[in-house]
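Peer 1: Take a look at query17.tsv, TSV, C-alpha atoms:
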```tsv
chain	number	residue	atom	x	y	z
F	1	MET	CA	85.64	81.91	94.41
F	2	LYS	CA	85.60	85.01	96.61
F	3	TYR	CA	83.86	88.25	95.63
F	4	VAL	CA	85.83	91.33	96.61
F	5	TYR	CA	84.82	94.99	96.91
F	6	VAL	CA	87.26	97.79	97.72
F	7	LEU	CA	85.58	100.52	99.74
F	8	THR	CA	86.93	103.82	101.05
F	9	SER	CA	84.26	106.30	102.01
F	10	THR	CA	83.27	109.19	104.26
F	11	GLU	CA	79.95	110.74	105.23
F	12	LYS	CA	80.53	113.35	102.51
F	13	ASP	CA	80.33	110.90	99.60
F	14	LEU	CA	78.05	108.07	98.45
F	15	TYR	CA	80.54	105.25	97.89
F	16	TYR	CA	79.31	103.30	100.92
F	17	GLU	CA	75.73	103.48	99.66
F	18	GLN	CA	76.78	102.32	96.18
F	19	CYS	CA	78.68	99.40	97.68
F	20	LEU	CA	75.72	98.50	99.89
F	21	MET	CA	73.42	98.31	96.85
F	22	SER	CA	75.84	96.08	94.96
F	23	VAL	CA	76.51	93.76	97.90
F	24	PHE	CA	72.77	93.53	98.59
F	25	SER	CA	72.14	92.47	94.99
F	26	LEU	CA	74.97	89.92	95.02
F	27	ARG	CA	73.79	88.41	98.30
F	28	HIS	CA	70.25	88.13	96.91
F	29	TYR	CA	71.40	85.86	94.08
F	30	MET	CA	74.20	84.09	95.93
F	31	SER	CA	73.22	83.51	99.53
F	32	GLU	CA	76.31	81.40	100.26
F	33	ALA	CA	78.88	83.53	98.44
F	34	GLU	CA	82.00	84.65	100.27
F	35	ILE	CA	81.79	88.44	99.96
F	36	ILE	CA	84.75	90.43	101.25
F	37	ILE	CA	84.83	94.17	101.87
F	38	LEU	CA	88.46	95.29	101.63
F	39	THR	CA	88.71	98.69	103.26
F	40	ASP	CA	91.03	101.03	105.11
F	41	ASP	CA	91.22	101.55	108.85
F	42	ARG	CA	89.52	104.96	108.75
F	43	THR	CA	86.52	103.74	106.77
F	44	ALA	CA	86.21	100.55	108.83
F	45	ALA	CA	86.00	102.64	112.01
F	46	THR	CA	82.75	104.16	110.72
F	47	PHE	CA	80.94	100.81	110.26
F	48	SER	CA	78.46	101.39	113.06
F	49	GLY	CA	75.04	102.97	113.42
F	50	ASN	CA	73.77	103.97	109.97
F	51	TRP	CA	76.88	102.46	108.43
F	52	SER	CA	76.60	99.01	109.98
F	53	LYS	CA	74.22	97.37	107.51
F	54	ILE	CA	76.94	96.35	105.08
F	55	LYS	CA	78.37	93.96	107.67
F	56	GLU	CA	75.12	91.97	107.53
F	57	TYR	CA	75.56	91.29	103.82
F	58	ALA	CA	79.33	90.83	103.73
F	59	SER	CA	81.02	87.63	104.87
F	60	SER	CA	83.95	89.59	106.26
F	61	VAL	CA	85.49	93.03	106.43
F	62	VAL	CA	89.26	93.25	105.96
F	63	ALA	CA	90.67	96.56	107.21
F	64	VAL	CA	94.16	97.74	106.24
F	65	ASP	CA	96.05	100.39	108.20
F	66	PHE	CA	97.35	103.50	106.41
F	67	PRO	CA	99.33	106.55	107.49
F	68	SER	CA	96.90	109.16	108.77
F	69	GLU	CA	97.93	111.62	106.05
F	70	ALA	CA	96.98	109.25	103.23
F	71	GLY	CA	93.91	110.49	101.37
F	72	ASN	CA	90.97	108.35	100.34
F	73	VAL	CA	91.95	108.22	96.67
F	74	GLU	CA	95.39	106.91	97.59
F	75	ARG	CA	93.90	104.41	100.03
F	76	SER	CA	91.44	103.13	97.44
F	77	ARG	CA	94.06	102.72	94.70
F	78	VAL	CA	96.59	101.04	96.96
F	79	LEU	CA	93.96	98.57	98.19
F	80	LYS	CA	92.75	97.81	94.66
F	81	THR	CA	96.24	97.20	93.28
F	82	THR	CA	97.29	94.98	96.21
F	83	ILE	CA	94.19	92.80	96.70
F	84	PRO	CA	96.12	89.48	96.62
F	85	GLU	CA	98.17	90.64	99.61
F	86	HIS	CA	95.01	90.75	101.71
F	87	VAL	CA	92.73	88.17	100.08
F	88	LYS	CA	94.05	84.67	99.47
F	89	GLY	CA	92.92	82.42	96.63
F	90	ASP	CA	90.79	83.09	93.56
F	91	PHE	CA	88.49	86.12	93.50
F	92	LEU	CA	86.29	88.30	91.32
F	93	PHE	CA	86.85	91.97	92.04
F	94	ILE	CA	83.74	94.14	91.55
F	95	ASP	CA	83.59	97.95	91.61
F	96	CYS	CA	81.14	99.50	94.08
F	97	ASP	CA	79.12	101.35	91.41
F	98	THR	CA	77.59	98.15	90.08
F	99	ILE	CA	74.38	96.15	90.35
F	100	ILE	CA	74.42	92.35	90.19
F	101	CYS	CA	71.72	90.93	87.90
F	102	GLU	CA	71.97	87.18	88.53
F	103	SER	CA	74.18	84.49	90.04
F	104	LEU	CA	77.84	84.92	89.16
F	105	SER	CA	78.66	81.25	89.65
F	106	ASP	CA	79.50	80.80	85.94
F	107	ILE	CA	82.73	82.67	86.62
F	108	GLU	CA	84.00	79.40	88.11
F	109	LYS	CA	84.06	77.93	84.59
F	110	LEU	CA	86.68	80.44	83.41
F	111	ASP	CA	90.31	79.67	84.15
F	112	TYR	CA	92.12	82.78	82.91
F	113	PRO	CA	94.85	83.91	85.34
F	114	VAL	CA	93.65	87.53	84.99
F	115	ALA	CA	90.79	88.74	82.80
F	116	ALA	CA	88.53	91.77	82.40
F	117	VAL	CA	86.20	93.45	79.89
F	118	LEU	CA	86.97	95.94	77.12
F	119	ASP	CA	86.38	99.53	78.16
F	120	GLY	CA	83.35	100.77	76.28
F	121	HIS	CA	82.98	97.31	74.72
F	122	VAL	CA	84.90	98.49	71.65
F	123	PRO	CA	88.47	98.38	70.31
F	124	LEU	CA	90.60	101.47	70.75
F	125	SER	CA	90.00	102.61	67.16
F	126	GLU	CA	86.28	103.01	67.91
F	127	HIS	CA	86.53	104.40	71.44
F	128	LYS	CA	85.31	107.97	71.95
F	129	HIS	CA	88.06	108.54	74.55
F	130	ARG	CA	90.84	107.14	72.36
F	131	ASP	CA	92.86	110.36	72.19
F	132	TYR	CA	92.41	110.96	75.93
F	133	PHE	CA	93.72	107.49	76.80
F	134	LEU	CA	96.73	107.81	74.52
F	135	LYS	CA	97.60	111.32	75.69
F	136	ARG	CA	97.40	110.37	79.38
F	137	GLU	CA	99.39	107.17	78.95
F	138	LYS	CA	102.02	108.91	76.83
F	139	LYS	CA	102.58	111.24	79.77
F	140	MET	CA	103.31	108.16	81.89
F	141	GLY	CA	105.55	106.62	79.26
F	142	TYR	CA	103.09	103.74	78.80
F	143	THR	CA	102.47	102.07	75.44
F	144	GLY	CA	100.16	99.18	76.39
F	145	THR	CA	96.88	100.62	75.14
F	146	LYS	CA	98.42	101.84	71.89
F	147	ASN	CA	100.25	98.59	71.16
F	148	GLN	CA	97.33	96.34	72.08
F	149	GLY	CA	94.74	98.36	70.21
F	150	PHE	CA	92.28	98.21	73.10
F	151	HIS	CA	91.74	99.58	76.59
F	152	ILE	CA	90.55	97.30	79.40
F	153	ASN	CA	88.11	98.45	82.10
F	154	SER	CA	89.29	97.59	85.59
F	155	GLY	CA	85.81	97.64	87.16
F	156	VAL	CA	85.44	93.84	87.16
F	157	ILE	CA	88.54	91.63	87.34
F	158	LEU	CA	88.79	87.85	87.43
F	159	TYR	CA	91.84	86.66	89.36
F	160	ARG	CA	93.00	83.05	89.54
F	161	ASP	CA	95.73	82.69	92.14
F	162	GLY	CA	99.05	81.76	90.60
F	163	GLU	CA	102.53	83.04	89.84
F	164	LYS	CA	101.52	84.88	86.67
F	165	SER	CA	98.48	86.57	88.22
F	166	ARG	CA	100.42	87.58	91.33
F	167	GLU	CA	103.10	89.05	89.09
F	168	PHE	CA	100.40	91.05	87.30
F	169	PHE	CA	99.15	92.68	90.50
F	170	LYS	CA	102.71	93.38	91.60
F	171	LYS	CA	103.38	95.11	88.27
F	172	TRP	CA	100.06	96.99	88.40
F	173	HIS	CA	100.82	98.33	91.86
F	174	GLU	CA	104.36	99.28	90.86
F	175	LEU	CA	103.14	101.17	87.80
F	176	TRP	CA	100.35	102.89	89.74
F	177	GLU	CA	102.83	104.02	92.41
F	178	TYR	CA	104.95	105.54	89.65
F	179	SER	CA	101.91	107.25	88.10
F	180	PHE	CA	100.77	108.65	91.44
F	181	ARG	CA	104.05	109.57	93.14
F	182	VAL	CA	106.10	110.68	90.14
F	183	LYS	CA	103.56	111.79	87.52
F	184	HIS	CA	100.85	112.91	89.98
F	185	ASP	CA	98.13	110.97	88.18
F	186	HIS	CA	95.77	109.09	90.51
F	187	HIS	CA	93.99	106.96	87.89
F	188	ASP	CA	94.51	103.21	88.16
F	189	GLN	CA	93.30	102.14	84.73
F	190	GLY	CA	96.27	103.38	82.70
F	191	ALA	CA	98.64	101.42	84.93
F	192	PHE	CA	96.26	98.44	84.73
F	193	ASN	CA	96.43	98.41	80.94
F	194	GLU	CA	100.19	98.80	80.91
F	195	ALA	CA	100.54	95.87	83.31
F	196	PHE	CA	98.04	93.89	81.23
F	197	TYR	CA	100.25	94.49	78.20
F	198	GLN	CA	103.58	93.86	79.88
F	199	CYS	CA	102.33	90.61	81.42
F	200	GLY	CA	100.96	89.36	78.11
F	201	PHE	CA	97.24	89.08	78.91
F	202	GLY	CA	96.01	90.35	75.54
F	203	ASP	CA	93.84	87.34	74.80
F	204	THR	CA	92.24	86.98	78.24
F	205	GLN	CA	89.16	89.15	77.97
F	206	LEU	CA	85.82	88.54	79.65
F	207	SER	CA	82.69	88.91	77.53
F	208	GLY	CA	80.69	92.09	77.91
F	209	GLU	CA	77.93	90.76	80.18
F	210	TRP	CA	80.44	90.54	83.05
F	211	ASN	CA	80.88	94.31	83.08
F	212	CYS	CA	77.95	95.83	81.18
F	213	GLN	CA	78.93	99.49	80.93
F	214	ILE	CA	75.51	100.86	80.13
F	215	SER	CA	76.60	104.38	79.22
F	216	GLN	CA	79.50	103.16	77.09
F	217	GLY	CA	78.10	100.70	74.57
F	218	GLY	CA	76.84	98.21	77.13
F	219	LEU	CA	73.22	98.21	75.99
F	220	ALA	CA	74.16	95.50	73.49
F	221	PHE	CA	74.94	93.26	76.47
F	222	LEU	CA	72.09	94.31	78.74
F	223	GLU	CA	69.79	91.36	77.99
F	224	HIS	CA	72.31	88.85	79.32
F	225	ALA	CA	74.14	91.17	81.71
F	226	LYS	CA	75.44	89.63	84.90
F	227	ILE	CA	76.89	92.88	86.27
F	228	ILE	CA	75.69	96.38	85.36
F	229	HIS	CA	78.36	99.06	85.76
F	230	TYR	CA	76.84	102.54	85.82
F	231	PHE	CA	79.97	104.65	86.44
F	232	SER	CA	79.32	106.81	89.50
F	233	SER	CA	82.18	109.09	88.41
F	234	GLU	CA	79.99	110.34	85.57
F	235	ALA	CA	77.51	111.67	88.14
F	236	ALA	CA	80.12	114.03	89.60
F	237	GLY	CA	79.36	116.80	87.12
F	238	LYS	CA	76.87	119.43	88.22
F	239	ASN	CA	75.07	119.23	84.87
F	240	TYR	CA	74.78	115.45	84.93
F	241	ILE	CA	71.34	113.90	84.35
F	242	ALA	CA	71.16	110.31	85.56
F	243	TYR	CA	70.20	107.97	82.72
F	244	TYR	CA	70.13	105.07	85.16
F	245	LYS	CA	67.83	105.52	88.15
F	246	LEU	CA	70.10	103.71	90.61
F	247	ALA	CA	72.94	106.09	89.69
F	248	ASP	CA	70.83	109.04	90.81
F	249	LYS	CA	72.36	110.79	93.81
F	250	SER	CA	68.92	111.39	95.32
F	251	VAL	CA	68.26	107.63	95.40
F	252	GLN	CA	71.61	106.96	97.05
F	253	GLN	CA	71.05	109.85	99.48
F	254	ARG	CA	67.84	108.19	100.66
F	255	ILE	CA	69.86	105.09	101.55
F	256	LYS	CA	72.35	107.23	103.46
F	257	GLU	CA	69.58	108.88	105.46
F	258	ALA	CA	67.80	105.57	106.19
F	259	GLY	CA	70.93	103.60	107.03
F	260	ASP	CA	69.43	100.79	104.96
F	261	ILE	CA	67.94	100.24	101.52
F	262	PRO	CA	64.26	101.27	101.48
F	263	GLU	CA	61.83	98.68	100.14
F	264	ASP	CA	61.06	100.53	96.91
F	265	ILE	CA	64.77	100.87	96.11
F	266	GLN	CA	65.27	97.19	96.87
F	267	GLN	CA	62.67	96.41	94.24
F	268	MET	CA	64.49	98.61	91.76
F	269	ILE	CA	67.75	96.80	92.49
F	270	LEU	CA	66.09	93.43	91.97
F	271	ASN	CA	64.81	94.58	88.56
F	272	PRO	CA	68.05	96.21	87.41
F	273	LYS	CA	67.57	95.99	83.66
F	274	PHE	CA	64.51	98.24	83.68
F	275	GLN	CA	65.77	101.22	85.69
F	276	PHE	CA	66.29	103.78	82.97
F	277	THR	CA	65.07	107.35	82.95
F	278	LYS	CA	63.73	109.09	79.87
F	279	VAL	CA	66.67	109.82	77.61
F	280	HIS	CA	67.28	111.29	74.18
F	281	LEU	CA	69.34	108.95	72.02
F	282	LEU	CA	71.51	110.25	69.21
F	283	ASN	CA	71.75	108.02	66.19
F	284	ASP	CA	73.54	110.25	63.71
F	285	ARG	CA	76.94	109.12	62.42
F	286	ARG	CA	77.98	112.75	61.90
F	287	ILE	CA	77.34	113.75	65.52
F	288	ILE	CA	78.48	110.75	67.58
F	289	PRO	CA	82.24	111.25	66.87
F	290	ILE	CA	82.22	114.88	68.03
F	291	LEU	CA	80.23	114.46	71.26
F	292	GLN	CA	83.44	114.68	73.29
F	293	SER	CA	84.82	117.60	71.29
F	294	PRO	CA	85.80	120.73	73.28
F	295	LEU	CA	83.63	122.64	70.80
F	296	ILE	CA	80.49	120.89	72.10
F	297	PHE	CA	81.29	121.79	75.70
F	298	THR	CA	82.14	125.36	74.69
F	299	LEU	CA	78.72	125.72	73.07
F	300	ALA	CA	77.10	124.27	76.20
F	301	GLU	CA	78.89	126.84	78.37
F	302	LEU	CA	77.85	129.62	76.02
F	303	LYS	CA	74.23	128.50	76.20
F	304	LEU	CA	74.39	128.40	80.01
F	305	HIS	CA	76.33	131.57	80.82
F	306	TRP	CA	75.95	133.80	77.74
F	307	PRO	CA	72.62	132.84	76.12
F	308	ALA	CA	72.49	136.03	74.07
F	309	VAL	CA	75.86	135.27	72.46
F	310	PHE	CA	74.72	131.70	71.83
F	311	THR	CA	71.54	132.95	70.15
F	312	ILE	CA	73.50	135.28	67.86
F	313	LEU	CA	75.94	132.51	66.95
F	314	GLU	CA	73.06	130.11	66.34
F	315	SER	CA	71.38	132.64	64.01
F	316	ILE	CA	74.58	133.16	62.02
F	317	VAL	CA	75.16	129.41	61.65
F	318	GLY	CA	71.49	128.88	60.72
F	319	ALA	CA	71.70	131.54	58.03
F	320	CYS	CA	74.89	130.00	56.64
F	321	ARG	CA	73.25	126.56	56.49
F	322	SER	CA	70.21	127.97	54.70
F	323	LEU	CA	72.43	129.74	52.16
F	324	ALA	CA	74.48	126.58	51.62
F	325	LYS	CA	71.31	124.56	50.96
F	326	LYS	CA	70.08	127.14	48.42
F	327	LEU	CA	73.39	127.16	46.61
F	328	LYS	CA	73.47	123.37	46.60
F	329	GLY	CA	69.94	123.28	45.17
F	330	LYS	CA	70.95	125.51	42.25
F	331	LYS	CA	73.68	123.14	41.12
```
Give the structure from the file, written as structure tokens.
Peer 2:
Amino acid sequence: MKYVYVLTSTEKDLYYEQCLMSVFSLRHYMSEAEIIILTDDRTAATFSGNWSKIKEYASSVVAVDFPSEAGNVERSRVLKTTIPEHVKGDFLFIDCDTIICESLSDIEKLDYPVAAVLDGHVPLSEHKHRDYFLKREKKMGYTGTKNQGFHINSGVILYRDGEKSREFFKKWHELWEYSFRVKHDHHDQGAFNEAFYQCGFGDTQLSGEWNCQISQGGLAFLEHAKIIHYFSSEAAGKNYIAYYKLADKSVQQRIKEAGDIPEDIQQMILNPKFQFTKVHLLNDRRIIPILQSPLIFTLAELKLHWPAVFTILESIVGACRSLAKKLKGKK
């Protein structure tokens, strides 16, 4: 089994540093593993100086040429959807924004042609992004997520080389090209789920510990997690507060500046299930379903930019609640 990472990065982002942390953790637990970095020609040309350390952990670097005008998002998606064209045999694909918690050798016991983990570890009916998934995929003309009743996360993918699995990747790439070129949508996961549906892989799901999505219901799998997926994309927002210490940009920036992983960060990586910051957990059935509501974000913007208006609105709502309680008490 090969272990494959797709990496496209520049000095302006932190994808290289995320990949370095994940590869370091995988190599720690699997000293003999065949780890492949699948990258583009532009990124590969930077693997020197402060960006050379990854070559010490990887077994090989496979660089693919692209037209100079191709952007990094396009390069990354094309590489991810065409992995079997560059890597022969069975492999486990792993996103860069992950930390490996133990040996992954048990993956050898699974013989699915293609398999991955539920996004958010829940069926579509319980997913907080349900409407977003369906709206985006409707725009593409896709029905896979709706018809299957679940959405698969493409951050960890088991691939067993064979006709059916090769056909899946061919279909995934074809659908992504359509999404990107025709519908101008760069996301790969909608196309992944449509290909998953069209190729009939509905019953080939990995259990949650293979892709423990800690901000999306993954805490239930944390005890036995093999791979922690912390979603670096969530950290893109300016108001983001890292719940997972290794997702913190300041930690990753230290790696960039050092050109290696400092000792204290190495120790954090080797104790991955205990790297949480202080967080406030909501456990109210009334509030959880509306956390992604535009109303919540509107209130947040009001609080940030027009605090006086927020205070007035808060006073009005508070008064209404008090009145409602009094009226209810008189019944």
Peer 1: Go through stretch 113-221 of chain F residue by residue and, counting all atoms listed in the file, keep those with an atom at most 10 Å from stretch 1-24 of chain F; for each kept residue give the shortest atom pair and its distance in Å to one decimal, ordered by chain and increasing number, as a Markdown table.
Peer 2:
```
| residue | atom | partner | partner_atom | distance |
| --- | --- | --- | --- | --- |
| F:Val156 | CA | F:Val4 | CA | 9.8 |
| F:Ile157 | CA | F:Val4 | CA | 9.7 |
| F:Leu158 | CA | F:Tyr3 | CA | 9.6 |
| F:Tyr159 | CA | F:Met1 | CA | 9.3 |
| F:Arg160 | CA | F:Met1 | CA | 8.9 |
```
Peer 1: Work out how far apart atom CA of F:Phe93 and atom CA of F:Asp119 are and give it in Å to one decimal.
Peer 2: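 Here the two named atoms are 15.8 Å from each other.
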Peer 1: Rank nothing, just name the residue among F:His129, F:His224, F:Lys138, F:Lys245 nearest to F:Ile290, using only C-alpha atoms.
Peer 2: F:His129
Peer 1: Calculate how many Å separate atom CA of F:Tyr243 from atom CA of F:Asp185, rounding to one decimal.
Peer 2: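 Separation of atom CA of F:Tyr243 and atom CA of F:Asp185: 28.6 Å.
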Peer 1: Pick from F:Leu222, F:Ala63, F:Val309, F:Leu327: nearest to F:Glu209, with only C-alpha atoms counted?
Peer 2: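 Of F:Leu222, F:Ala63, F:Val309, F:Leu327, the one nearest F:Glu209, counting only C-alpha atoms, is F:Leu222.
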Peer 1: What separation in Å, quoted to one decimal, exists between atom CA of F:Lys128 and atom CA of F:Phe168?
Peer 2: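 Atom-to-atom, atom CA of F:Lys128 to atom CA of F:Phe168, that is 27.4 Å.
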Peer 1: Nearest to F:Arg77: which of F:Arg181, F:His173, F:Arg286, F:Lys249 is it, counting all atoms listed in the file?
Peer 2: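 Ranked by minimum distance to F:Arg77, first place goes to F:His173.
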Peer 1: Find the residue from F:Glu137, F:Asp40, F:Asp260, F:Lys278 that sits nearest to F:Lys55; use all atoms listed in the file when measuring.
Peer 2: F:Asp260
Peer 1: When distances are computed from all atoms listed in the file, which of F:Lys226, F:Arg166, F:His187, F:His151 shows the smallest separation from F:Asp106?
Peer 2: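 Closest to F:Asp106, using all atoms listed in the file: F:Lys226.
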Peer 1: Give me the residues near F:Gln189 as JSON, numbers by chain, where near means some atom within 8 Å (using only C-alpha atoms) and where sequence neighbours in that chain fewer than 6 positions away do not count.
Peer 2: {"F": [152, 153, 154]}
Peer 1: For F:Ala191, work out the shell of residues within 6 Å, counting all atoms listed in the file and skipping chain neighbours fewer than 4 positions away, then give it as a PyMOL selection string.
Peer 2: chain F and resi 172+175-176
Peer 1: Counting all atoms listed in the file, figure out which residue out of F:Tyr142, F:Phe297, F:Tyr244, F:Phe310 gets nearest to F:Phe274.
Peer 2: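 Closest candidate: F:Tyr244.
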Peer 1: Name the residues in contact with F:Asp248 at a cut-off of 12 Å, using only C-alpha atoms, excluding same-chain residues fewer than 4 positions from it; report them as a list in words.
Peer 2: Leu14, Glu17, Gln18, Asp97, Tyr230, Phe231, Ser232, Ser233, Glu234, Ala235, Ala236, Tyr240, Ile241, Ala242, Tyr243, Tyr244, Gln252, Gln253, Arg254, Ile255, Ile265, Gln275, Phe276 and Thr277 of chain F
Peer 1: Hey, can I get the axis-aligned box for stretch 63-67 of chain F? All listed atoms, 8 Å padding on each side, centre and edge lengths in Å to one decimal, as JSON.
Peer 2:
```
{"center_x": 95.0, "center_y": 101.6, "center_z": 107.2, "size_x": 24.7, "size_y": 26.0, "size_z": 18.0}
```
Peer 1: Please return as a list in words every residue within 10 Å of (101.8, 88.4, 79.5), taking into account all atoms listed in the file and the file's own coordinates.
Peer 2: Val114, Lys164, Ser165, Glu167, Phe168, Ala195, Phe196, Tyr197, Gln198, Cys199, Gly200, Phe201, Gly202, Asp203 and Thr204 of chain F
